[in-house]
$ cat coords.txt   # compact mmCIF, C-alpha atoms and all ligand atoms
# COMPACT_ATOMS: atom_id res chain seq x y z
CA MET A 25 0.00 0.00 0.00
CA LEU A 26 1.20 3.48 -0.83
CA PHE A 27 1.07 6.25 1.68
CA ARG A 28 0.27 9.69 0.40
CA LYS A 29 3.14 12.01 1.15
CA LYS A 30 2.34 14.85 3.50
CA PRO A 31 2.53 18.16 1.66
CA VAL A 32 5.67 20.16 2.43
CA ARG A 33 4.62 22.88 4.78
CA THR A 34 7.87 24.76 5.23
CA SER A 35 7.97 28.34 4.04
CA PRO A 36 10.90 30.75 3.56
CA VAL A 37 8.74 33.79 4.34
CA ARG A 38 7.44 32.32 7.61
CA GLN A 39 10.93 31.11 8.46
CA HIS A 40 12.21 34.65 7.95
CA TYR A 41 9.66 36.14 10.36
CA GLY A 42 10.44 33.47 12.92
CA GLU A 43 14.15 34.35 12.82
CA ALA A 44 13.85 38.12 12.53
CA VAL A 45 11.30 38.56 15.32
CA SER A 46 12.92 36.14 17.75
CA ALA A 47 16.34 37.76 17.19
CA ARG A 48 14.82 41.18 17.88
CA LEU A 49 13.09 40.01 21.06
CA ALA A 50 16.20 38.16 22.24
CA ALA A 51 18.15 41.43 21.91
CA ASN A 52 15.57 43.38 23.93
CA PRO A 53 16.62 43.55 27.60
CA ALA A 54 12.96 43.98 28.66
CA ALA A 55 11.95 40.68 27.05
CA GLU A 56 12.70 37.26 28.45
CA PRO A 57 12.64 33.99 26.47
CA ALA A 58 10.62 31.06 27.84
CA LYS A 59 12.51 27.91 28.73
CA SER A 60 11.01 25.57 26.14
CA ASP A 61 12.45 23.69 23.18
CA ALA A 62 8.98 23.27 21.71
CA ILE A 63 8.00 26.86 21.07
CA GLN A 64 9.57 30.30 20.64
CA LEU A 65 7.84 32.37 23.30
CA PHE A 66 8.87 35.58 25.05
CA TYR A 67 7.58 37.43 28.10
CA HIS A 68 7.59 41.21 28.40
CA PRO A 69 6.47 42.29 31.89
CA ASP A 70 4.87 45.74 32.30
CA PHE A 71 4.45 46.30 28.58
CA LEU A 72 1.41 48.46 29.40
CA SER A 73 0.95 50.77 32.37
CA ALA A 74 -1.86 50.43 34.91
CA GLY A 75 -3.64 53.38 33.28
CA GLN A 76 -3.37 51.95 29.77
CA CYS A 77 -4.73 48.61 31.00
CA ALA A 78 -7.67 50.33 32.75
CA ARG A 79 -8.59 52.25 29.60
CA LEU A 80 -8.51 49.13 27.45
CA ARG A 81 -10.60 47.21 30.02
CA ALA A 82 -13.22 49.97 29.92
CA MET A 83 -13.34 49.77 26.11
CA ILE A 84 -13.84 46.00 26.30
CA ASP A 85 -16.66 46.40 28.83
CA ALA A 86 -18.36 48.93 26.57
CA ASN A 87 -18.14 46.87 23.37
CA ARG A 88 -18.10 43.18 24.31
CA ARG A 89 -20.31 40.53 22.69
CA PRO A 90 -20.13 36.71 22.79
CA SER A 91 -16.87 35.43 21.23
CA THR A 92 -16.79 33.48 17.97
CA VAL A 93 -14.44 30.85 16.48
CA LEU A 94 -13.63 29.88 12.90
CA SER A 95 -13.82 26.13 13.05
CA THR A 96 -16.10 24.56 15.64
CA ALA A 97 -19.79 24.62 16.54
CA ASP A 98 -19.17 23.48 20.16
CA PRO A 99 -20.83 26.16 22.35
CA ASP A 100 -18.46 25.44 25.28
CA TYR A 101 -15.32 25.95 23.23
CA ARG A 102 -14.89 29.70 23.63
CA THR A 103 -17.30 31.09 26.18
CA SER A 104 -15.75 34.53 26.75
CA ASP A 105 -16.94 37.86 25.41
CA SER A 106 -14.79 39.72 22.90
CA CYS A 107 -14.69 42.77 20.70
CA ASP A 108 -12.61 44.40 18.01
CA MET A 109 -10.54 47.34 19.27
CA ASP A 110 -10.74 50.31 16.90
CA ARG A 111 -7.15 50.56 15.66
CA TRP A 112 -7.40 54.24 14.68
CA SER A 113 -8.76 55.39 18.04
CA PRO A 114 -6.33 57.43 20.17
CA GLU A 115 -6.67 54.87 22.99
CA VAL A 116 -5.65 51.91 20.82
CA ARG A 117 -3.36 53.17 18.10
CA PRO A 118 -0.25 53.83 20.25
CA THR A 119 -0.49 50.32 21.76
CA ASP A 120 -1.07 48.82 18.34
CA GLU A 121 2.03 50.53 16.97
CA ALA A 122 4.11 49.74 20.05
CA ILE A 123 3.39 46.02 19.65
CA ALA A 124 4.39 46.08 15.97
CA GLU A 125 7.56 47.99 16.91
CA LEU A 126 8.40 45.49 19.66
CA LEU A 127 8.28 42.67 17.10
CA GLY A 128 9.77 44.69 14.24
CA LEU A 129 6.76 43.96 12.05
CA ASP A 130 4.73 46.33 9.90
CA PRO A 131 1.56 47.47 11.72
CA LEU A 132 -0.28 46.62 8.48
CA GLN A 133 0.53 42.93 9.09
CA GLY A 134 -1.39 43.03 12.36
CA GLU A 135 -5.00 41.99 12.52
CA THR A 136 -7.43 44.21 14.37
CA MET A 137 -6.59 43.90 18.06
CA GLN A 138 -9.13 41.83 19.92
CA GLY A 139 -10.28 42.45 23.46
CA GLN A 140 -11.49 39.53 25.50
CA ARG A 141 -13.20 39.21 28.87
CA TYR A 142 -13.69 36.01 30.85
CA ALA A 143 -16.10 35.85 33.80
CA PRO A 144 -15.85 32.95 36.30
CA GLY A 145 -16.35 29.64 34.48
CA GLN A 146 -15.50 31.09 31.07
CA GLN A 147 -12.64 29.67 29.00
CA PHE A 148 -11.07 29.27 25.58
CA ARG A 149 -10.39 25.58 25.02
CA ALA A 150 -7.17 24.22 23.52
CA HIS A 151 -6.51 25.51 20.01
CA CYS A 152 -3.73 26.70 17.75
CA ASP A 153 -3.85 30.25 16.39
CA TRP A 154 -2.45 29.30 12.96
CA PHE A 155 -4.83 28.51 10.12
CA SER A 156 -5.35 25.00 8.78
CA GLU A 157 -4.76 25.41 5.09
CA ASP A 158 -7.10 22.55 4.20
CA GLN A 159 -10.14 24.20 5.80
CA PRO A 160 -12.89 25.98 3.86
CA TYR A 161 -11.98 29.32 5.48
CA TRP A 162 -8.39 29.30 4.11
CA PRO A 163 -9.03 30.98 0.70
CA ALA A 164 -10.65 33.92 2.53
CA MET A 165 -7.64 34.12 4.88
CA GLN A 166 -5.30 34.21 1.87
CA GLN A 167 -7.08 37.37 0.73
CA CYS A 168 -6.13 39.18 3.95
CA GLY A 169 -2.48 38.43 4.55
CA GLY A 170 -2.33 34.62 4.64
CA GLN A 171 -0.98 32.60 7.54
CA ARG A 172 -0.62 33.90 11.09
CA THR A 173 3.01 34.10 12.17
CA TRP A 174 3.29 35.67 15.64
CA THR A 175 0.67 36.09 18.35
CA THR A 176 0.90 38.78 21.00
CA MET A 177 -1.33 38.79 24.03
CA ILE A 178 -1.43 41.24 26.94
CA TYR A 179 -3.08 40.63 30.31
CA LEU A 180 -4.96 43.74 31.39
CA ASN A 181 -5.42 42.72 35.02
CA ASP A 182 -4.43 40.23 37.70
CA VAL A 183 -6.98 37.45 38.18
CA GLU A 184 -7.85 36.21 41.66
CA GLU A 185 -7.93 32.54 40.69
CA GLY A 186 -7.68 30.61 37.42
CA GLY A 187 -7.41 32.10 33.93
CA ALA A 188 -3.88 30.88 33.12
CA THR A 189 -2.73 30.51 29.54
CA TRP A 190 -1.60 26.89 29.27
CA PHE A 191 0.56 25.36 26.52
CA PRO A 192 0.26 21.65 27.40
CA LEU A 193 2.62 20.41 24.65
CA ALA A 194 5.28 23.00 25.37
CA GLY A 195 5.13 22.63 29.15
CA LEU A 196 4.33 26.29 29.81
CA ARG A 197 1.66 27.80 32.00
CA VAL A 198 1.40 31.55 32.40
CA ASN A 199 -0.61 33.24 35.11
CA PRO A 200 -2.31 36.53 34.26
CA LYS A 201 -0.36 39.57 35.45
CA ARG A 202 -1.44 43.10 34.65
CA GLY A 203 0.62 44.60 31.83
CA LEU A 204 2.46 41.37 30.96
CA LEU A 205 2.80 40.75 27.22
CA LEU A 206 3.38 37.30 25.72
CA ALA A 207 4.68 36.90 22.18
CA TRP A 208 5.00 33.53 20.49
CA ASN A 209 5.79 32.21 17.05
CA ASN A 210 3.01 30.00 15.73
CA MET A 211 5.43 28.45 13.25
CA ASN A 212 8.42 26.17 13.68
CA PRO A 213 11.86 27.60 12.87
CA ASP A 214 11.53 26.12 9.33
CA GLY A 215 8.28 28.02 8.77
CA SER A 216 5.91 25.07 9.10
CA PRO A 217 2.94 25.33 11.51
CA ASN A 218 3.96 24.33 15.04
CA ASP A 219 1.49 21.87 16.58
CA LYS A 220 3.11 22.41 19.97
CA THR A 221 1.76 25.96 20.11
CA LEU A 222 -1.54 24.37 21.19
CA HIS A 223 -2.83 26.52 24.04
CA GLU A 224 -5.81 27.07 26.21
CA GLY A 225 -7.28 29.98 28.13
CA VAL A 226 -8.03 28.01 31.31
CA ALA A 227 -11.35 28.80 32.99
CA VAL A 228 -11.40 31.68 35.43
CA MET A 229 -12.37 30.53 38.92
CA LYS A 230 -12.59 33.83 40.77
CA GLY A 231 -12.51 37.38 39.44
CA THR A 232 -12.61 38.52 35.82
CA LYS A 233 -9.88 38.20 33.21
CA TYR A 234 -9.27 40.86 30.55
CA ILE A 235 -6.79 40.46 27.70
CA VAL A 236 -6.03 41.92 24.31
CA THR A 237 -4.72 39.69 21.55
CA LYS A 238 -3.08 40.68 18.29
CA TRP A 239 -2.24 38.20 15.57
CA PHE A 240 0.27 39.03 12.84
CA ARG A 241 0.03 37.73 9.28
CA GLU A 242 2.84 36.76 6.90
CA GLY A 243 1.51 39.39 4.46
CA ASN A 244 -0.47 42.57 4.97
CA TRP A 245 -3.78 42.15 6.73
CA ILE A 246 -4.76 45.63 5.64
CA GLN A 247 -4.69 45.86 1.87
CA GLY A 248 -3.19 49.14 0.61
O1 LIG A 301 -7.16 33.68 27.22
C1 LIG A 301 -6.05 33.18 26.99
O2 LIG A 301 -5.22 33.06 27.88
C2 LIG A 301 -5.72 32.71 25.62
C3 LIG A 301 -6.39 33.53 24.54
C4 LIG A 301 -6.11 32.99 23.17
O3 LIG A 301 -5.60 31.92 23.03
C5 LIG A 301 -6.44 33.76 21.97
O4 LIG A 301 -7.05 34.84 22.08
O5 LIG A 301 -6.09 33.31 20.86
FE FE A 302 -5.09 31.54 20.96
$ encode --input "coords.txt" --output "structure tokens" --more "lines below"
Ligand SMILES: O=C(O)CCC(=O)C(=O)O
Ligand SMILES: [Fe+2]
Amino acid sequence: MLFRKKPVRTSPVRQHYGEAVSARLAANPAAEPAKSDAIQLFYHPDFLSAGQCARLRAMIDANRRPSTVLSTADPDYRTSDSCDMDRWSPEVRPTDEAIAELLGLDPLQGETMQGQRYAPGQQFRAHCDWFSEDQPYWPAMQQCGGQRTWTTMIYLNDVEEGGATWFPLAGLRVNPKRGLLLAWNNMNPDGSPNDKTLHEGVAVMKGTKYIVTKWFREGNWIQG
């Protein structure tokens, strides 16, 4: 019996962004690499001030609606509320541009920043942020910048109990801390999608969890 060969999923462009961004973060004294061989992930404590976090939390409270996902109908999968953060607003734009600058990416590669709020019991079950290129949604994603390369996520508050971001296959678990930014490469160093980036927003037990997430594409998300 013949086995069908898996398609080659490496990519020079995605490899380039993996190398360029991780070199830039490694050279930044404010950023610290995670101890994991499975994933390129960096921590940047205090990326946002207390005031910036409070303003973003207020915007999330004002605009939140039930979260959606691309590829499952399971109603328990992502039970948080979320909203798009208006990238041109004076409250959001400086943060948007600071994140792109931190990574050395063009702000146009960044998707619209997403705010998310988890009440007790709410969660985002294990998923990868990269797109499966055999799914029906992929052609539409190709029209707006293609694959996701890096994810950045910022905790906007401390959470009393629960709400960690857990990477079970990379052996990392991060507790929410106000102002802390996480940045990780969704690809392997060769530019292929990294299955070990699987992660979960663990259910909040006590308190409320607020985050903003920004995903970067290999091309421009905003078409000029
Ligand atoms: O809430 C978390 O800790 C994870 C959020 C997440 O995975 C996402 O927004 O893609
Ligand atoms: Fe995610």
$ residues_near_ligand --input "coords.txt" --ligand "ligand FE 302 (chain A)" --cutoff "9 Å" --atoms "only C-alpha atoms and all ligand atoms" --output "list of chain:residue names"
A:Phe148, A:Arg149, A:Ala150, A:His151, A:Cys152, A:Asp153, A:Trp154, A:Thr175, A:Met177, A:Thr189, A:Thr221, A:Leu222, A:His223, A:Glu224, A:Gly225, A:Thr237
$ write_last_selection --input "coords.txt" --atoms "C-alpha atoms" --output "PDB file, in the frame of the given file"
ATOM      1  CA  PHE A 148     -11.070  29.270  25.580  1.00  0.00           C
ATOM      2  CA  ARG A 149     -10.390  25.580  25.020  1.00  0.00           C
ATOM      3  CA  ALA A 150      -7.170  24.220  23.520  1.00  0.00           C
ATOM      4  CA  HIS A 151      -6.510  25.510  20.010  1.00  0.00           C
ATOM      5  CA  CYS A 152      -3.730  26.700  17.750  1.00  0.00           C
ATOM      6  CA  ASP A 153      -3.850  30.250  16.390  1.00  0.00           C
ATOM      7  CA  TRP A 154      -2.450  29.300  12.960  1.00  0.00           C
ATOM      8  CA  THR A 175       0.670  36.090  18.350  1.00  0.00           C
ATOM      9  CA  MET A 177      -1.330  38.790  24.030  1.00  0.00           C
ATOM     10  CA  THR A 189      -2.730  30.510  29.540  1.00  0.00           C
ATOM     11  CA  THR A 221       1.760  25.960  20.110  1.00  0.00           C
ATOM     12  CA  LEU A 222      -1.540  24.370  21.190  1.00  0.00           C
ATOM     13  CA  HIS A 223      -2.830  26.520  24.040  1.00  0.00           C
ATOM     14  CA  GLU A 224      -5.810  27.070  26.210  1.00  0.00           C
ATOM     15  CA  GLY A 225      -7.280  29.980  28.130  1.00  0.00           C
ATOM     16  CA  THR A 237      -4.720  39.690  21.550  1.00  0.00           C
TER      17      THR A 237
END
$ atom_distance --input "coords.txt" --atom1 "CA of Leu72 (chain A)" --atom2 "atom C5 of ligand LIG 301 (chain A)"
18.2 Å
$ residues_near_point --input "coords.txt" --point "(-4.3, 45.3, 20.8)" --cutoff "8 Å" --atoms "all atoms listed in the file" --output "JSON, numbers by chain"
{"A": [109, 111, 116, 119, 120, 123, 136, 137, 138, 139, 177, 178, 236, 237, 238]}
$ atom_distance --input "coords.txt" --atom1 "atom O5 of ligand LIG 301 (chain A)" --atom2 "CA of Arg33 (chain A)"
22.0 Å
$ residues_around --input "coords.txt" --residues "Ile246 (chain A)" --least-positions-apart "6" --cutoff "9 Å" --atoms "all atoms listed in the file" --output "ChimeraX atom specification"
/A:131-135,168-169
$ atom_distance --input "coords.txt" --atom1 "CA of Leu204 (chain A)" --atom2 "CA of Arg88 (chain A)"
21.7 Å
$ residues_around --input "coords.txt" --residues "Val183 (chain A)" --least-positions-apart "6" --cutoff "8 Å" --atoms "all atoms listed in the file" --output "PDB file with C-alpha atoms, in the coordinates of the input"
ATOM      1  CA  PRO A 200      -2.310  36.530  34.260  1.00  0.00           C
ATOM      2  CA  LYS A 201      -0.360  39.570  35.450  1.00  0.00           C
ATOM      3  CA  VAL A 228     -11.400  31.680  35.430  1.00  0.00           C
ATOM      4  CA  LYS A 230     -12.590  33.830  40.770  1.00  0.00           C
ATOM      5  CA  GLY A 231     -12.510  37.380  39.440  1.00  0.00           C
ATOM      6  CA  THR A 232     -12.610  38.520  35.820  1.00  0.00           C
ATOM      7  CA  LYS A 233      -9.880  38.200  33.210  1.00  0.00           C
TER       8      LYS A 233
END
$ closest_atom_pairs --input "coords.txt" --of "region 163-232 of chain A" --to "region 63-66 of chain A" --cutoff "7 Å" --atoms "all atoms listed in the file" --output "JSON lines"
{"residue": "A:Ala194", "atom": "CA", "partner": "A:Ile63", "partner_atom": "CA", "distance": 6.4}
{"residue": "A:Leu206", "atom": "CA", "partner": "A:Phe66", "partner_atom": "CA", "distance": 5.8}
{"residue": "A:Ala207", "atom": "CA", "partner": "A:Phe66", "partner_atom": "CA", "distance": 5.2}
{"residue": "A:Trp208", "atom": "CA", "partner": "A:Leu65", "partner_atom": "CA", "distance": 4.2}
{"residue": "A:Asn209", "atom": "CA", "partner": "A:Gln64", "partner_atom": "CA", "distance": 5.6}
{"residue": "A:Lys220", "atom": "CA", "partner": "A:Ile63", "partner_atom": "CA", "distance": 6.7}
{"residue": "A:Thr221", "atom": "CA", "partner": "A:Ile63", "partner_atom": "CA", "distance": 6.4}
$ closest_residue --input "coords.txt" --among "A:Thr173, A:Ser216, A:Gln167, A:Gln146" --to "Ala188 (chain A)" --atoms "all atoms listed in the file"
A:Gln146
$ closest_residue --input "coords.txt" --among "A:Glu115, A:Asp219, A:Glu185, A:Asp70" --to "Ala54 (chain A)" --atoms "all atoms listed in the file"
A:Asp70
$ axis_aligned_box --input "coords.txt" --around "ligand LIG 301 (chain A)" --padding-each-side "6 Å" --output "JSON"
{"center_x": -6.2, "center_y": 33.4, "center_z": 24.4, "size_x": 13.9, "size_y": 14.9, "size_z": 19.0}
$ closest_residue --input "coords.txt" --among "A:Pro57, A:Thr34, A:Leu94, A:Arg202" --to "Trp162 (chain A)" --atoms "all atoms listed in the file"
A:Leu94
$ closest_residue --input "coords.txt" --among "A:Gly195, A:Gly170, A:Pro144, A:Pro217" --to "Gly42 (chain A)" --atoms "all atoms listed in the file"
A:Pro217
$ closest_residue --input "coords.txt" --among "A:Asn199, A:Thr176, A:Asn244, A:Asn218" --to "Ala124 (chain A)" --atoms "all atoms listed in the file"
A:Thr176
$ residues_near_point --input "coords.txt" --point "(10.8, 39.2, 22.4)" --cutoff "7 Å" --atoms "only C-alpha atoms" --output "ChimeraX atom specification"
/A:46,48-50,52,55-57,66-67,127,207
$ build_atoms --input "coords.txt" --residues "region 212-230 of chain A" --atoms "N, CA and C atoms" --output "mmCIF file, in the coordinates of the input"
data_model
loop_
_atom_site.group_PDB
_atom_site.id
_atom_site.type_symbol
_atom_site.label_atom_id
_atom_site.label_comp_id
_atom_site.auth_asym_id
_atom_site.auth_seq_id
_atom_site.Cartn_x
_atom_site.Cartn_y
_atom_site.Cartn_z
ATOM 1 N N ASN A 212 7.123 26.738 13.324
ATOM 2 C CA ASN A 212 8.420 26.170 13.680
ATOM 3 C C ASN A 212 9.519 27.012 13.054
ATOM 4 N N PRO A 213 10.783 26.827 13.491
ATOM 5 C CA PRO A 213 11.860 27.600 12.870
ATOM 6 C C PRO A 213 11.939 27.429 11.343
ATOM 7 N N ASP A 214 11.494 26.285 10.795
ATOM 8 C CA ASP A 214 11.530 26.120 9.330
ATOM 9 C C ASP A 214 10.305 26.721 8.625
ATOM 10 N N GLY A 215 9.434 27.365 9.381
ATOM 11 C CA GLY A 215 8.280 28.020 8.770
ATOM 12 C C GLY A 215 7.053 27.135 8.618
ATOM 13 N N SER A 216 7.112 25.923 9.132
ATOM 14 C CA SER A 216 5.910 25.070 9.100
ATOM 15 C C SER A 216 5.088 25.319 10.362
ATOM 16 N N PRO A 217 3.767 25.110 10.311
ATOM 17 C CA PRO A 217 2.940 25.330 11.510
ATOM 18 C C PRO A 217 3.389 24.454 12.672
ATOM 19 N N ASN A 218 3.473 25.043 13.849
ATOM 20 C CA ASN A 218 3.960 24.330 15.040
ATOM 21 C C ASN A 218 2.777 23.810 15.859
ATOM 22 N N ASP A 219 2.588 22.490 15.827
ATOM 23 C CA ASP A 219 1.490 21.870 16.580
ATOM 24 C C ASP A 219 1.644 22.079 18.083
ATOM 25 N N LYS A 220 2.881 22.267 18.525
ATOM 26 C CA LYS A 220 3.110 22.410 19.970
ATOM 27 C C LYS A 220 2.775 23.795 20.500
ATOM 28 N N THR A 221 2.262 24.665 19.626
ATOM 29 C CA THR A 221 1.760 25.960 20.110
ATOM 30 C C THR A 221 0.334 25.818 20.649
ATOM 31 N N LEU A 222 -0.201 24.611 20.633
ATOM 32 C CA LEU A 222 -1.540 24.370 21.190
ATOM 33 C C LEU A 222 -1.639 25.043 22.565
ATOM 34 N N HIS A 223 -2.696 25.821 22.756
ATOM 35 C CA HIS A 223 -2.830 26.520 24.040
ATOM 36 C C HIS A 223 -4.285 26.706 24.396
ATOM 37 N N GLU A 224 -4.471 26.990 25.667
ATOM 38 C CA GLU A 224 -5.810 27.070 26.210
ATOM 39 C C GLU A 224 -5.896 28.252 27.164
ATOM 40 N N GLY A 225 -6.994 28.984 27.102
ATOM 41 C CA GLY A 225 -7.280 29.980 28.130
ATOM 42 C C GLY A 225 -8.086 29.240 29.193
ATOM 43 N N VAL A 226 -7.404 28.843 30.264
ATOM 44 C CA VAL A 226 -8.030 28.010 31.310
ATOM 45 C C VAL A 226 -9.140 28.804 32.000
ATOM 46 N N ALA A 227 -10.198 28.122 32.396
ATOM 47 C CA ALA A 227 -11.350 28.800 32.990
ATOM 48 C C ALA A 227 -10.962 29.667 34.188
ATOM 49 N N VAL A 228 -11.551 30.814 34.253
ATOM 50 C CA VAL A 228 -11.400 31.680 35.430
ATOM 51 C C VAL A 228 -12.217 31.079 36.566
ATOM 52 N N MET A 229 -11.651 31.049 37.756
ATOM 53 C CA MET A 229 -12.370 30.530 38.920
ATOM 54 C C MET A 229 -12.981 31.682 39.732
ATOM 55 N N LYS A 230 -12.181 32.713 39.923
ATOM 56 C CA LYS A 230 -12.590 33.830 40.770
ATOM 57 C C LYS A 230 -12.072 35.118 40.138
#
